[in-house]
Amino acid sequence: MSRPTDLRILEVKTDLEQIDYRTPIKFGGRVVKDVTLLNVHVEVETRDGKRGSGLGSMPMGNAWGWPSKQVDGDQTLATMVTLGERVAGLLGEYQDQGHPLEIMHDLSGQYQDLSSEVLGAASISEAMPRLAQLVAASPTDGAIHDAMGKALGENSYNLLGAEYVNRDLGHYLGADFQGHTLDQYTLRVPQQSMPLYHLVGALDPLSDGDLENRLDDGGPETLGEWICADGLTHMKIKLAGDDLDWDIARVVAVEKAAAEAQQSRGCLQWHYSLDFNEKCAHVQYVLDFLAKLSEQSSDALSRVQYIEQPTDRDLKSNPENTMHEAAKIKPVVIDESLVDLESLLLSRELGYSGVALKACKGHGEALLMGAAAQHHGLFLCVQDLTCVGASFLHSASIAARIPGIAAIEGNGRQYCPLGNQGWDQKYPSMFQLTDGTVGTGTLVGDGLGYSQPEC
């Protein structure tokens, strides 16, 4: 069955931006100093003749999506960029018509073959992980959803019901979802504001004593300065995962620095999330960590909202890494592991109690996994990939439209403020924090909720 709103692809273009970080970020033993953005521009026309242009933008986060031990970072980045461009080209050649969710689902079946072609041309023998494929394709996914909203003069989150889609959720998520559509799992009006999770990276200074040399660029440099400047109430702490003493000491030190800063501003309540970046060899490390943290700083433990992906992302190859006991203490979410419905269901069997959604895995994929997570009663959070500009607004729009999301992550303002130039003037409440929250209520425009600032 067709709809008058079904899209026909008219034109697809891509371009790249490379932006240096203000300061490096370290996670999972890797240090990142800059970002390459893949931007995709899509022009569409509906069956009934309405036209619109959409933008999708996303960091090609190769260090996160493809942390290879065999292929160097320049090569993984280059091949992810090439794949992203090939996916955009594939959309440009698409001859059928439909809803963005349907079009991108059809194209996603070709990612594996496309990536094999790209790797072959680059003489790389290692397979590209599915996660890296999703990251590479994500700006195309975002662009077509944005374009549909722009064509119809509607917000994209209001175009998810049966009057716009040709296939119900049973097609994507199985029999439990027959007759269901995504409008049942998303909000028509975004949350007006949401707390922002500020990243405390392994290299980040907590106090003046941690600073060897100041940047002196007018911005905050220590955790205490960030808390006071932005009114922060949520902090995500990057941990080693293979050095228990260091991890405990780091959280205790963060708690000390945060308590001093929060006391100075009269704040009595704040929160942490803990990210081990898959480095824990087994769940016992997490249990030992929680037990020792309770002994050394029960206040810090009480502030922890959730724990992120403590062990290896390959759930199938590591079935012994169950999280049942840890999840009894704090929610434990999958992040890198979440690449499809199968991985979500497997994580439940292994004891994980939540999922982290990301725009960089694809707009449609994030909405589908959000629906599945709600159906199964899982803890939900939204995280970014040091997203800047349009990609951060995209990530925030997802967080503000999925019920149950308590806070969002956004560390682009810390590490790559240059990427927000122009956007921060058009959407000041999204980039200039004063009370630890971002003004997601502004993301109500056509398409994904925002439009490019004028040059």
# chains A, B, ... in the order shown; residues from 1 in each chain; ligands from 1
>>> residues_around(residues="stretch 276-288 of chain A", least_positions_apart="2", cutoff="9 Å", atoms="only C-alpha atoms", output="VMD selection string")
chain A and resid 27 to 29 237 to 244 274 290 to 293 307 to 313 320 to 323 325 to 326 329 336
>>> residues_around(residues="A:Ala327", least_positions_apart="5", cutoff="10 Å", atoms="only C-alpha atoms", output="VMD selection string")
chain A and resid 287 306 to 307 322 332 to 333 351 to 354
>>> closest_residue(among="A:Met104, A:Leu196, A:Leu338, A:Ala356", to="A:Val438", atoms="only C-alpha atoms")
A:Leu196
>>> closest_residue(among="A:Val81, A:Leu223, A:Val35, A:Val382", to="A:Ala400", atoms="only C-alpha atoms")
A:Val382
>>> atom_distance(atom1="atom CA of A:Pro417", atom2="atom CA of A:Val388")
7.6 Å
